[in-house]
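Enquirer: Sending over model-v7.txt (compact mmCIF, C-alpha atoms).
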```
# COMPACT_ATOMS: atom_id res chain seq x y z
CA MET A 1 222.13 142.00 -32.51
CA ARG A 2 225.70 142.61 -31.45
CA MET A 3 227.35 141.49 -34.70
CA PRO A 4 225.42 143.76 -37.17
CA ASN A 5 226.13 146.75 -34.91
CA CYS A 6 229.79 145.91 -34.92
CA ILE A 7 229.84 145.67 -38.73
CA LEU A 8 228.02 148.98 -39.03
CA VAL A 9 230.58 150.70 -36.83
CA LEU A 10 233.51 149.20 -38.76
CA THR A 11 232.01 150.19 -42.11
CA THR A 12 231.45 153.74 -40.94
CA ILE A 13 235.06 154.04 -39.76
CA THR A 14 236.34 152.65 -43.07
CA LEU A 15 234.22 155.07 -45.12
CA CYS A 16 235.24 158.06 -43.01
CA ALA A 17 238.89 157.21 -43.61
CA CYS A 18 238.31 157.44 -47.37
CA SER A 19 237.00 161.00 -47.49
CA GLU A 20 239.49 163.58 -48.73
CA GLN A 21 240.53 166.49 -46.56
CA GLY A 22 242.10 169.82 -47.41
CA PRO A 23 241.24 173.08 -49.08
CA THR A 24 238.75 173.34 -51.93
CA ARG A 25 240.18 172.69 -55.35
CA TYR A 26 238.49 173.59 -58.61
CA GLN A 27 238.72 171.56 -61.79
CA ILE A 28 239.80 173.27 -64.98
CA SER A 29 240.31 172.12 -68.54
CA GLY A 30 240.89 173.57 -72.00
CA GLU A 31 242.89 173.70 -75.18
CA VAL A 32 246.55 174.68 -75.45
CA LYS A 33 247.93 176.04 -78.71
CA PHE A 34 251.52 177.02 -79.43
CA ASN A 35 251.98 179.32 -82.38
CA GLY A 36 248.47 178.37 -83.55
CA GLU A 37 249.12 174.60 -83.46
CA PRO A 38 247.86 172.21 -80.73
CA LEU A 39 250.69 171.49 -78.26
CA ALA A 40 251.65 167.80 -78.44
CA TYR A 41 252.78 167.19 -74.87
CA GLY A 42 253.70 169.08 -71.76
CA ASP A 43 252.57 170.16 -68.35
CA VAL A 44 250.71 173.16 -67.06
CA LEU A 45 251.20 174.41 -63.49
CA PHE A 46 248.73 176.67 -61.71
CA THR A 47 250.59 178.37 -58.86
CA PRO A 48 248.69 180.74 -56.55
CA ASP A 49 250.37 184.12 -57.06
CA GLY A 50 252.14 184.86 -53.79
CA ALA A 51 253.32 188.25 -55.05
CA LYS A 52 249.63 189.27 -55.34
CA GLY A 53 248.76 187.91 -51.93
CA ASN A 54 246.98 184.79 -53.16
CA SER A 55 247.69 181.42 -51.60
CA GLY A 56 246.54 177.83 -51.72
CA PRO A 57 247.54 174.46 -53.14
CA GLN A 58 249.19 174.22 -56.51
CA GLY A 59 247.28 172.69 -59.43
CA VAL A 60 248.78 170.68 -62.24
CA ALA A 61 247.60 169.04 -65.47
CA PHE A 62 249.32 167.25 -68.30
CA ILE A 63 248.79 168.32 -71.88
CA LYS A 64 248.17 165.67 -74.51
CA ASN A 65 247.40 166.50 -78.13
CA GLY A 66 246.46 170.08 -77.36
CA PHE A 67 244.16 169.40 -74.39
CA TYR A 68 244.58 169.49 -70.65
CA ASP A 69 242.24 168.58 -67.82
CA THR A 70 243.03 168.59 -64.10
CA ARG A 71 240.65 165.62 -63.70
CA ASN A 72 242.95 163.34 -65.70
CA THR A 73 245.51 160.94 -64.18
CA ASP A 74 248.09 162.74 -62.02
CA GLY A 75 246.22 166.03 -62.39
CA LYS A 76 245.36 168.18 -59.37
CA GLY A 77 242.68 170.87 -59.06
CA ILE A 78 243.54 174.55 -58.77
CA ALA A 79 243.02 177.07 -55.96
CA GLY A 80 241.57 179.89 -58.11
CA GLY A 81 242.19 183.61 -57.74
CA ALA A 82 245.37 185.34 -58.92
CA THR A 83 247.35 182.55 -60.53
CA VAL A 84 250.67 182.18 -62.30
CA ILE A 85 250.30 179.72 -65.16
CA GLN A 86 253.47 178.04 -66.36
CA ILE A 87 253.48 175.78 -69.38
CA ARG A 88 256.41 173.71 -70.49
CA GLY A 89 255.72 172.18 -73.88
CA LEU A 90 257.56 169.25 -75.42
CA ASN A 91 257.47 168.05 -79.01
CA ALA A 92 256.55 164.56 -77.75
CA GLN A 93 256.40 162.61 -74.49
CA GLY A 94 259.96 162.48 -73.15
CA GLY A 95 260.99 164.72 -76.05
CA LYS A 96 262.58 168.11 -76.41
CA LEU A 97 261.45 171.29 -74.68
CA ILE A 98 259.99 173.57 -77.35
CA CYS A 99 258.36 176.31 -75.30
CA ASN A 100 258.39 177.70 -71.78
CA TYR A 101 255.55 180.14 -71.19
CA VAL A 102 254.69 181.99 -67.99
CA THR A 103 251.64 184.18 -67.64
CA SER A 104 249.68 185.74 -64.81
CA ILE A 105 245.87 185.65 -64.75
CA ASP A 106 242.90 185.92 -62.41
CA LEU A 107 240.95 182.67 -62.48
CA PRO A 108 237.44 182.32 -60.99
CA LYS A 109 236.98 180.15 -57.91
CA GLU A 110 234.80 177.61 -59.71
CA ASN A 111 235.10 174.69 -62.11
CA GLY A 112 235.57 175.91 -65.63
CA LYS A 113 237.36 176.07 -68.92
CA HIS A 114 240.38 178.13 -69.86
CA ASN A 115 242.02 178.02 -73.28
CA ILE A 116 245.65 179.08 -73.53
CA ASP A 117 247.36 180.46 -76.61
CA ILE A 118 251.14 180.42 -76.32
CA PRO A 119 252.76 183.08 -78.50
CA LYS A 120 255.65 182.28 -80.81
CA GLU A 121 257.98 184.33 -78.57
CA ALA A 122 257.78 181.69 -75.82
CA ALA A 123 259.81 179.26 -77.92
CA THR A 124 262.87 177.96 -76.06
CA LYS A 125 266.13 179.11 -77.41
CA GLU A 126 268.43 176.28 -78.35
CA ILE A 127 270.80 175.71 -75.42
CA LYS A 128 274.07 175.90 -77.31
CA LYS A 129 276.36 174.65 -74.60
CA PRO A 130 274.59 173.02 -71.66
CA VAL A 131 276.65 172.98 -68.48
CA PRO A 132 278.30 169.55 -68.34
CA GLU A 133 277.15 167.30 -65.56
CA ILE A 134 279.99 167.01 -63.15
CA MET N 1 212.68 112.63 -28.61
CA ILE N 2 215.98 112.11 -30.35
CA ARG N 3 218.28 115.13 -30.05
CA ARG N 4 220.51 115.25 -33.13
CA LYS N 5 224.08 116.43 -32.85
CA GLY N 6 225.50 118.99 -35.36
CA PHE N 7 224.35 122.19 -37.07
CA THR N 8 221.25 122.81 -39.15
CA LEU N 9 221.67 124.12 -42.68
CA ILE N 10 220.53 127.61 -41.62
CA GLU N 11 223.11 127.80 -38.83
CA LEU N 12 225.82 126.73 -41.24
CA LEU N 13 224.82 129.37 -43.82
CA VAL N 14 224.79 132.09 -41.17
CA VAL N 15 228.28 131.15 -40.03
CA ILE N 16 229.58 131.12 -43.61
CA ALA N 17 227.96 134.51 -44.28
CA ILE N 18 229.58 136.03 -41.20
CA ILE N 19 232.99 134.66 -42.18
CA ALA N 20 232.53 136.09 -45.69
CA VAL N 21 231.75 139.54 -44.29
CA LEU N 22 234.76 139.42 -41.98
CA ILE N 23 237.11 138.40 -44.81
CA GLY N 24 235.65 141.16 -46.98
CA LEU N 25 236.53 143.65 -44.27
CA LEU N 26 239.95 142.23 -43.64
CA LEU N 27 241.43 141.68 -47.11
CA PRO N 28 241.47 145.30 -48.30
CA ALA N 29 242.99 146.18 -44.95
CA VAL N 30 245.97 143.88 -45.50
CA GLN N 31 247.32 146.13 -48.26
CA LYS N 32 246.82 149.18 -46.07
CA VAL N 33 248.71 147.52 -43.25
CA ARG N 34 251.61 146.80 -45.58
CA GLU N 35 251.69 150.44 -46.67
CA ALA N 36 251.50 151.56 -43.04
CA ALA N 37 254.56 149.43 -42.28
CA ASN N 38 256.43 150.92 -45.25
CA LYS N 39 255.57 154.40 -44.09
CA MET N 40 256.89 153.62 -40.63
CA LYS N 41 260.15 152.29 -42.09
CA CYS N 42 260.43 155.46 -44.16
CA THR N 43 259.84 157.64 -41.10
CA ASN N 44 262.59 155.72 -39.34
CA ASN N 45 265.02 156.23 -42.25
CA LEU N 46 264.40 159.97 -42.16
CA LYS N 47 264.85 160.07 -38.41
CA GLN N 48 268.22 158.30 -38.69
CA LEU N 49 269.39 160.69 -41.41
CA ALA N 50 268.27 163.72 -39.41
CA LEU N 51 270.14 162.47 -36.34
CA ALA N 52 273.21 161.76 -38.49
CA LEU N 53 273.12 165.35 -39.77
CA HIS N 54 273.00 166.58 -36.17
CA SER N 55 275.93 164.33 -35.21
CA TYR N 56 277.81 165.77 -38.16
CA HIS N 57 277.01 169.26 -36.91
CA ASP N 58 278.28 168.38 -33.43
CA ASN N 59 281.64 167.26 -34.84
CA ASN N 60 282.08 169.89 -37.54
CA GLN N 61 280.27 172.95 -36.15
CA SER N 62 278.08 173.12 -39.25
CA PHE N 63 275.81 170.99 -41.42
CA PRO N 64 277.67 169.23 -44.27
CA ALA N 65 279.79 171.79 -46.08
CA ASN N 66 280.27 171.21 -49.76
CA LYS N 67 283.95 171.33 -50.51
CA SER N 68 284.02 174.49 -52.51
CA LEU N 69 286.41 174.07 -55.39
CA ALA N 70 285.30 176.99 -57.54
CA GLY N 71 281.71 176.18 -56.68
CA VAL N 72 281.85 172.48 -57.54
CA SER N 73 281.48 169.49 -55.24
CA SER N 74 281.44 165.97 -56.65
CA ILE N 75 279.69 164.54 -53.56
CA GLY N 76 276.62 165.64 -51.65
CA TRP N 77 275.61 165.50 -47.98
CA HIS N 78 274.58 161.83 -48.29
CA VAL N 79 278.26 160.82 -48.49
CA MET N 80 279.40 163.16 -45.72
CA ILE N 81 277.04 161.63 -43.15
CA LEU N 82 278.01 158.00 -43.92
CA PRO N 83 280.24 157.69 -40.80
CA TYR N 84 277.22 158.65 -38.69
CA ILE N 85 274.94 155.94 -40.08
CA GLU N 86 277.45 153.17 -39.40
CA GLN N 87 278.95 153.16 -42.89
CA THR N 88 282.38 154.43 -41.83
CA ALA N 89 284.39 152.29 -44.23
CA LEU N 90 282.34 153.49 -47.18
CA GLY N 91 282.53 157.08 -45.96
CA ASN N 92 286.31 156.90 -45.69
CA SER N 93 286.61 155.65 -49.26
CA ALA N 94 285.11 158.87 -50.62
CA ASP N 95 287.32 161.77 -51.63
CA PRO N 96 285.57 165.08 -50.92
CA ASN N 97 288.33 167.06 -52.66
CA LEU N 98 287.70 165.63 -56.12
CA ALA N 99 286.02 168.23 -58.27
CA SER N 100 284.88 166.12 -61.18
CA TYR N 101 282.55 163.20 -60.84
CA ILE N 102 282.72 161.85 -64.37
CA THR N 103 286.46 161.21 -64.77
CA PRO N 104 287.10 157.47 -65.27
CA GLY N 105 288.11 155.59 -62.15
CA ASN N 106 286.76 158.34 -59.90
CA VAL N 107 286.34 156.82 -56.41
CA ASN N 108 283.25 158.91 -55.75
CA ARG N 109 281.54 157.55 -58.84
CA LEU N 110 282.25 153.96 -57.77
CA LEU N 111 280.40 154.54 -54.47
CA GLY N 112 277.12 154.39 -56.38
CA GLY N 113 277.31 150.61 -56.62
CA ASN N 114 276.57 150.32 -52.89
CA LYS N 115 272.94 150.05 -51.86
CA ILE N 116 272.30 152.00 -48.67
CA SER N 117 268.81 151.04 -47.50
CA ALA N 118 268.58 154.11 -45.25
CA PHE N 119 268.46 156.26 -48.40
CA LEU N 120 265.57 154.31 -49.93
CA CYS N 121 261.84 154.47 -49.15
CA PRO N 122 260.22 151.00 -49.36
CA SER N 123 257.08 152.45 -50.98
CA TYR N 124 258.87 153.47 -54.18
CA ASP N 125 260.30 150.75 -56.37
CA GLN N 126 262.66 152.82 -58.55
CA ILE N 127 265.95 152.28 -56.75
CA LEU N 128 268.39 152.77 -59.63
CA SER N 129 269.62 155.98 -61.19
CA SER N 130 268.33 156.77 -64.67
CA SER N 131 271.08 159.23 -65.55
CA ALA N 132 273.43 158.24 -68.36
CA ILE N 133 276.62 159.22 -66.52
CA ASP N 134 275.90 157.16 -63.39
CA ASN N 135 276.76 153.76 -64.85
CA LEU N 136 279.52 151.75 -63.23
CA PRO N 137 282.53 150.13 -64.96
CA ASN N 138 280.72 146.77 -65.11
CA GLY N 139 277.84 148.37 -66.98
CA THR N 140 275.25 148.35 -64.17
CA MET N 141 273.50 151.47 -62.93
CA ALA N 142 274.26 153.16 -59.63
CA PHE N 143 271.66 153.22 -56.84
CA THR N 144 269.66 156.37 -56.30
CA MET N 145 268.37 158.08 -53.12
CA HIS N 146 264.80 158.85 -52.07
CA TYR N 147 265.57 161.61 -49.60
CA VAL N 148 266.81 165.04 -50.63
CA GLY N 149 268.05 167.98 -48.64
CA VAL N 150 265.99 171.16 -48.66
CA ALA N 151 268.08 173.82 -50.41
CA GLY N 152 265.46 176.44 -49.66
CA PRO N 153 262.25 177.99 -50.96
CA LYS N 154 261.83 179.54 -54.38
CA GLY N 155 259.10 182.14 -54.68
CA THR N 156 257.75 185.06 -52.67
CA ASN N 157 257.99 185.45 -48.88
CA PRO N 158 254.31 185.87 -47.84
CA THR N 159 255.17 188.09 -44.86
CA THR N 160 257.65 190.52 -46.40
CA GLY N 161 256.58 190.22 -50.05
CA THR N 162 260.17 189.86 -51.23
CA ALA N 163 261.58 187.03 -53.34
CA TYR N 164 263.61 184.29 -51.70
CA ASN N 165 267.32 184.04 -52.58
CA VAL N 166 268.20 181.75 -55.48
CA ASN N 167 271.71 181.40 -56.89
CA GLY N 168 271.83 181.25 -60.68
CA PRO N 169 268.08 181.38 -61.44
CA THR N 170 268.69 181.50 -65.19
CA THR N 171 271.03 178.51 -65.43
CA THR N 172 270.05 175.33 -67.26
CA GLN N 173 268.73 173.58 -64.13
CA ALA N 174 266.83 176.63 -62.85
CA GLY N 175 269.27 177.64 -60.11
CA LEU N 176 269.72 176.52 -56.51
CA ALA N 177 267.92 178.12 -53.59
CA ALA N 178 270.03 179.51 -50.72
CA ASP N 179 267.60 180.03 -47.83
CA GLY N 180 267.21 176.45 -46.56
CA ILE N 181 269.20 174.27 -44.18
CA LEU N 182 271.12 172.30 -46.85
CA PRO N 183 271.90 174.66 -49.75
CA PHE N 184 275.24 174.57 -51.53
CA HIS N 185 275.92 178.14 -50.51
CA LYS N 186 273.91 179.82 -47.75
CA SER N 187 273.81 183.31 -49.21
CA LEU N 188 273.28 185.01 -52.51
CA SER N 189 276.41 185.19 -54.62
CA THR N 190 277.21 186.35 -58.11
CA THR N 191 280.48 184.46 -58.44
CA ALA N 192 281.42 180.91 -57.58
CA PRO N 193 281.96 180.87 -53.79
CA THR N 194 285.49 180.06 -52.69
CA THR N 195 284.73 179.29 -49.05
CA PRO N 196 282.28 176.62 -47.87
CA GLY N 197 278.91 178.23 -47.20
CA ALA N 198 277.41 175.64 -44.86
CA VAL N 199 274.55 176.45 -42.50
CA LYS N 200 274.99 176.31 -38.72
CA ILE N 201 272.21 175.81 -36.17
CA GLY N 202 272.56 179.48 -35.28
CA ASP N 203 271.67 180.45 -38.84
CA ILE N 204 268.23 178.87 -38.48
CA THR N 205 266.56 181.96 -37.06
CA ASP N 206 263.02 180.74 -37.90
CA GLY N 207 263.56 177.96 -35.37
CA THR N 208 264.64 174.41 -36.08
CA SER N 209 261.12 173.08 -35.42
CA ASN N 210 259.74 175.34 -38.15
CA THR N 211 262.28 174.56 -40.84
CA MET N 212 262.38 171.57 -43.15
CA MET N 213 265.72 169.79 -43.42
CA ILE N 214 265.24 166.58 -45.46
CA ALA N 215 262.21 165.65 -47.54
CA GLU N 216 261.03 162.53 -49.26
CA TRP N 217 261.55 162.53 -53.02
CA ALA N 218 260.02 159.27 -54.17
CA TRP N 219 256.72 159.53 -56.01
CA GLN N 220 255.26 157.57 -58.88
CA GLY N 221 255.61 159.69 -62.01
CA LEU N 222 258.96 161.18 -61.06
CA GLU N 223 260.74 158.60 -63.21
CA VAL N 224 258.62 159.19 -66.34
CA ASN N 225 261.14 161.47 -67.98
CA PRO N 226 264.66 160.01 -68.36
CA GLY N 227 267.51 161.38 -66.25
CA ALA N 228 265.40 162.43 -63.27
CA LEU N 229 266.83 159.92 -60.82
CA ARG N 230 270.52 160.35 -60.05
CA ALA N 231 273.13 158.39 -58.10
CA TRP N 232 272.86 158.90 -54.33
CA GLN N 233 276.37 160.21 -53.79
CA ARG N 234 276.31 162.97 -56.37
CA GLY N 235 276.93 166.58 -55.52
CA GLY N 236 277.00 169.28 -58.15
CA LEU N 237 277.40 172.95 -58.88
CA TRP N 238 276.70 175.85 -56.53
CA ASP N 239 274.21 177.55 -58.88
CA ASN N 240 273.11 174.79 -61.22
CA ASP N 241 272.75 171.00 -61.31
CA PHE N 242 272.77 169.75 -57.68
CA PRO N 243 271.01 166.36 -57.30
CA ALA N 244 271.49 165.99 -53.52
CA CYS N 245 269.16 168.89 -52.68
CA LYS N 246 265.98 170.39 -54.08
CA ASN N 247 264.38 173.82 -54.29
CA ILE N 248 260.93 174.03 -52.73
CA GLY N 249 258.94 176.04 -55.26
CA SER N 250 256.01 173.74 -55.95
CA SER N 251 253.51 171.61 -54.05
CA MET N 252 254.20 167.91 -53.61
CA ARG N 253 254.05 165.70 -56.71
CA THR N 254 253.48 168.37 -59.34
CA VAL N 255 256.70 169.26 -61.19
CA ARG N 256 258.50 166.53 -63.14
CA TYR N 257 261.89 166.63 -64.81
CA ILE N 258 262.30 167.98 -68.31
CA THR N 259 265.81 167.29 -69.59
CA ASN N 260 268.23 170.15 -68.98
CA THR N 261 265.66 172.62 -67.71
CA ASN N 262 264.62 172.06 -64.12
CA HIS N 263 266.32 169.28 -62.17
CA ASN N 264 266.58 171.34 -58.99
CA ASP N 265 262.89 172.29 -59.22
CA ILE N 266 261.44 168.76 -59.28
CA SER N 267 258.74 168.48 -56.62
CA ILE N 268 259.19 166.55 -53.43
CA GLY N 269 256.53 163.94 -52.64
CA SER N 270 255.96 160.33 -51.74
CA ASN N 271 253.86 157.29 -52.54
CA HIS N 272 252.29 157.37 -49.07
CA THR N 273 248.63 158.31 -49.25
CA GLY N 274 247.93 162.02 -48.98
CA GLY N 275 251.31 163.49 -48.13
CA CYS N 276 254.99 163.03 -47.50
CA ASN N 277 257.39 162.50 -44.60
CA ILE N 278 259.61 165.46 -43.83
CA ALA N 279 262.44 165.69 -41.30
CA PHE N 280 262.67 169.08 -39.61
CA GLY N 281 265.71 170.89 -38.30
CA ASP N 282 265.05 169.72 -34.75
CA GLY N 283 265.38 166.09 -35.88
CA GLY N 284 261.63 165.44 -35.70
CA VAL N 285 259.92 163.67 -38.61
CA ARG N 286 256.40 164.77 -39.47
CA PHE N 287 253.92 163.67 -42.10
CA ILE N 288 252.89 166.78 -44.02
CA ARG N 289 249.66 166.77 -46.05
CA GLU N 290 249.92 167.15 -49.79
CA SER N 291 247.11 169.71 -49.90
CA ILE N 292 248.72 172.29 -47.61
CA ASP N 293 248.96 175.87 -48.76
CA LEU N 294 252.01 176.41 -50.97
CA ASN N 295 252.64 180.13 -50.40
CA LYS N 296 251.70 180.42 -46.73
CA VAL N 297 252.98 177.09 -45.38
CA LEU N 298 255.34 175.08 -47.58
CA LEU N 299 257.62 177.94 -48.70
CA PRO N 300 257.90 179.44 -45.17
CA LEU N 301 258.69 175.98 -43.77
CA ALA N 302 261.48 175.56 -46.33
CA SER N 303 263.15 178.84 -45.38
CA ARG N 304 265.42 179.05 -42.33
CA ASN N 305 265.61 182.81 -41.91
CA GLY N 306 262.63 184.45 -43.65
CA GLY N 307 260.88 185.56 -40.46
CA GLU N 308 257.52 184.38 -41.80
CA ILE N 309 254.38 183.89 -39.80
CA VAL N 310 253.49 180.32 -40.75
CA ALA N 311 249.77 179.65 -41.15
CA ASP N 312 248.37 176.70 -39.24
CA TYR N 313 248.96 173.41 -41.08
```
Show me the file's structure as structure tokens.
Expert:
Amino acid sequence: MRMPNCILVLTTITLCACSEQGPTRYQISGEVKFNGEPLAYGDVLFTPDGAKGNSGPQGVAFIKNGFYDTRNTDGKGIAGGATVIQIRGLNAQGGKLICNYVTSIDLPKENGKHNIDIPKEAATKEIKKPVPEI
Amino acid sequence: MIRRKGFTLIELLVVIAIIAVLIGLLLPAVQKVREAANKMKCTNNLKQLALALHSYHDNNQSFPANKSLAGVSSIGWHVMILPYIEQTALGNSADPNLASYITPGNVNRLLGGNKISAFLCPSYDQILSSSAIDNLPNGTMAFTMHYVGVAGPKGTNPTTGTAYNVNGPTTTQAGLAADGILPFHKSLSTTAPTTPGAVKIGDITDGTSNTMMIAEWAWQGLEVNPGALRAWQRGGLWDNDFPACKNIGSSMRTVRYITNTNHNDISIGSNHTGGCNIAFGDGGVRFIRESIDLNKVLLPLASRNGGEIVADY
């Protein structure tokens, strides 16, 4: 019975190597509206608020057609607690920056939903004269 | 009784089954082995660059100083360490005193046509710049680099509760941090610095083993928005666009480029599973997990003089 034992050991090692390590992350999703309209494209960052003593890994999600979900491709779960949310909205993928919104909020340490309404004031001012690349 | 030579059908099936199981175990591993080899090559690249920076320090009494012509340097630290990675001829062809990078026939701009494999991580296949002003006279694109200097942290010091120094935080590329080992200017300034503000070993009061020097900047997704990847030799402005170095203000692989808003803030990260190779000030290269605490570990590691108590990582 040497061979089956050997296979069992190898399989166990392989499976152990697959398990993810690190701090707990919570999944979050919701709608994003800018000035009442669903935001076409952008990203939303969930940074643990260091100024309020919170810490942990940073979460990120990409907004598509007014929705975001940290479970989607390239998304990462959030740490929860006092969080700074930053949203940079574009008019289309690879398009122009239309809003840059930063807000501070206390998020629960659990999976959940959080809808974000970006006020009109967060609209990016037209950069009249960008610094030339040198 | 006649004893027949050869295997019975059952024996044959058992052997085939065992071979099938072994191949099943082996094949997925082949890809992993390839990635492991890439990661090792990448670690080696970082080690060479870290040693080159130390050699530079030995000869110049500081880490690469950006030639400060009213706060503009057309080349970054990658060019200044060329003589120390056995690219002396190429290094000598650069002109550190040129302020502008985009003038036609600029020797510094022509350097981009040379592929330096020590600046490229084998796990990331985007090796060309995607910036419009990096094209060469023959129409091809310049090569990019996958390792960036750590300009410093951007955020709040978890021990003192004060904000880290950032020069020009409201500029179009979100400013350039000043508290790392390879910033443009090592202190906070309100006007363009007129003397080179390069860091010396003595300035690293947190300890060289606790301070990040070069990080990998080569993750899938980085290239999604145009203009993110830049030519390897490019320097920049003291408080604005500076492709050779990055601010550490986000976890690995989170922040992407959005044209004219945040080039200096793009996250570091790699295509290696679960983390990224980082060279520290002592020349050691360590693999840092992607899931480490941002505020209590990554920011303190990026700062050279914050006096933080770094949480275990």
Enquirer: What gap, in Å, lies between CA of Leu49 in chain N and CA of Ala151 in chain N?
Expert: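 Taking CA of Leu49 in chain N as the start and CA of Ala151 in chain N as the end point, the length is 16.0 Å.
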Enquirer: Can you measure CA of Thr261 in chain N to CA of Ala244 in chain N for me? One decimal in Å is fine.
Expert: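 One can read the CA of Thr261 in chain N to CA of Ala244 in chain N distance as 16.7 Å.
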Enquirer: When you look at Thr103 in chain N with a cut-off of 12 Å (counting all atoms listed in the file), what residues show up, excluding the ones that are within fewer than 3 positions of it in the same chain? I need them as a compact mmCIF listing (two decimals) with C-alpha atoms, in the frame of the given file.
Expert:
```txt
# COMPACT_ATOMS: atom_id res chain seq x y z
CA GLU A 133 277.15 167.30 -65.56
CA ILE A 134 279.99 167.01 -63.15
CA SER N 74 281.44 165.97 -56.65
CA LEU N 98 287.70 165.63 -56.12
CA ALA N 99 286.02 168.23 -58.27
CA SER N 100 284.88 166.12 -61.18
CA ASN N 106 286.76 158.34 -59.90
CA VAL N 107 286.34 156.82 -56.41
CA ASN N 108 283.25 158.91 -55.75
CA ARG N 109 281.54 157.55 -58.84
CA LEU N 110 282.25 153.96 -57.77
CA ILE N 133 276.62 159.22 -66.52
CA ASP N 134 275.90 157.16 -63.39
CA LEU N 136 279.52 151.75 -63.23
CA PRO N 137 282.53 150.13 -64.96
```
Enquirer: Anything within 8 Å of (248.2, 169.6, -46.5): list those residues as a ChimeraX atom specification, counting only C-alpha atoms and sticking to the file's coordinates.
Expert: /A:22 /N:274-275,288-293,313
Enquirer: Can you work out which residues from chain N touch chain A at a cut-off of 7 Å (counting only C-alpha atoms) and hand them back as a ChimeraX atom specification?
Expert: /N:74,100-102,156,158,161,172,225,236,250-251,254,291-296
Enquirer: With all atoms listed in the file as the atoms that count, which of A:Ile87, A:Ala123, A:Ile63, A:Ile28 lies nearest to Cys99 in chain A?
Expert: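 For Cys99 in chain A, the nearest of the given residues is A:Ala123.
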Enquirer: What are the centre and edge lengths in Å, to one decimal, of the axis-aligned box around all listed atoms of range 259-275 of chain N with 5 Å added on each side, as lines of an AutoDock Vina configuration file?
Expert:
```
center_x = 258.1
center_y = 165.0
center_z = -58.9
size_x = 30.3
size_y = 25.3
size_z = 31.5
```
Enquirer: For CA of Met141 in chain N and CA of Ala231 in chain N, quote the distance in Å rounded to one decimal.
Expert: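 Between CA of Met141 in chain N and CA of Ala231 in chain N the gap is 8.4 Å.
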Enquirer: Compile a residue-level contact table for range 22-61 of chain A against range 111-120 of chain A at a cut-off of 7 Å, reporting for every qualifying residue the shortest atom pair and its distance in Å to one decimal, with only C-alpha atoms counted, rows ordered by chain and ascending number, as JSON lines.
Expert:
```
{"residue": "A:Tyr26", "atom": "CA", "partner": "A:Asn111", "partner_atom": "CA", "distance": 5.0}
{"residue": "A:Gln27", "atom": "CA", "partner": "A:Asn111", "partner_atom": "CA", "distance": 4.8}
{"residue": "A:Ile28", "atom": "CA", "partner": "A:Gly112", "partner_atom": "CA", "distance": 5.0}
{"residue": "A:Ser29", "atom": "CA", "partner": "A:Lys113", "partner_atom": "CA", "distance": 4.9}
{"residue": "A:Gly30", "atom": "CA", "partner": "A:Asn115", "partner_atom": "CA", "distance": 4.8}
{"residue": "A:Glu31", "atom": "CA", "partner": "A:Asn115", "partner_atom": "CA", "distance": 4.8}
{"residue": "A:Val32", "atom": "CA", "partner": "A:Ile116", "partner_atom": "CA", "distance": 4.9}
{"residue": "A:Lys33", "atom": "CA", "partner": "A:Asp117", "partner_atom": "CA", "distance": 4.9}
{"residue": "A:Phe34", "atom": "CA", "partner": "A:Ile118", "partner_atom": "CA", "distance": 4.6}
{"residue": "A:Asn35", "atom": "CA", "partner": "A:Lys120", "partner_atom": "CA", "distance": 5.0}
```
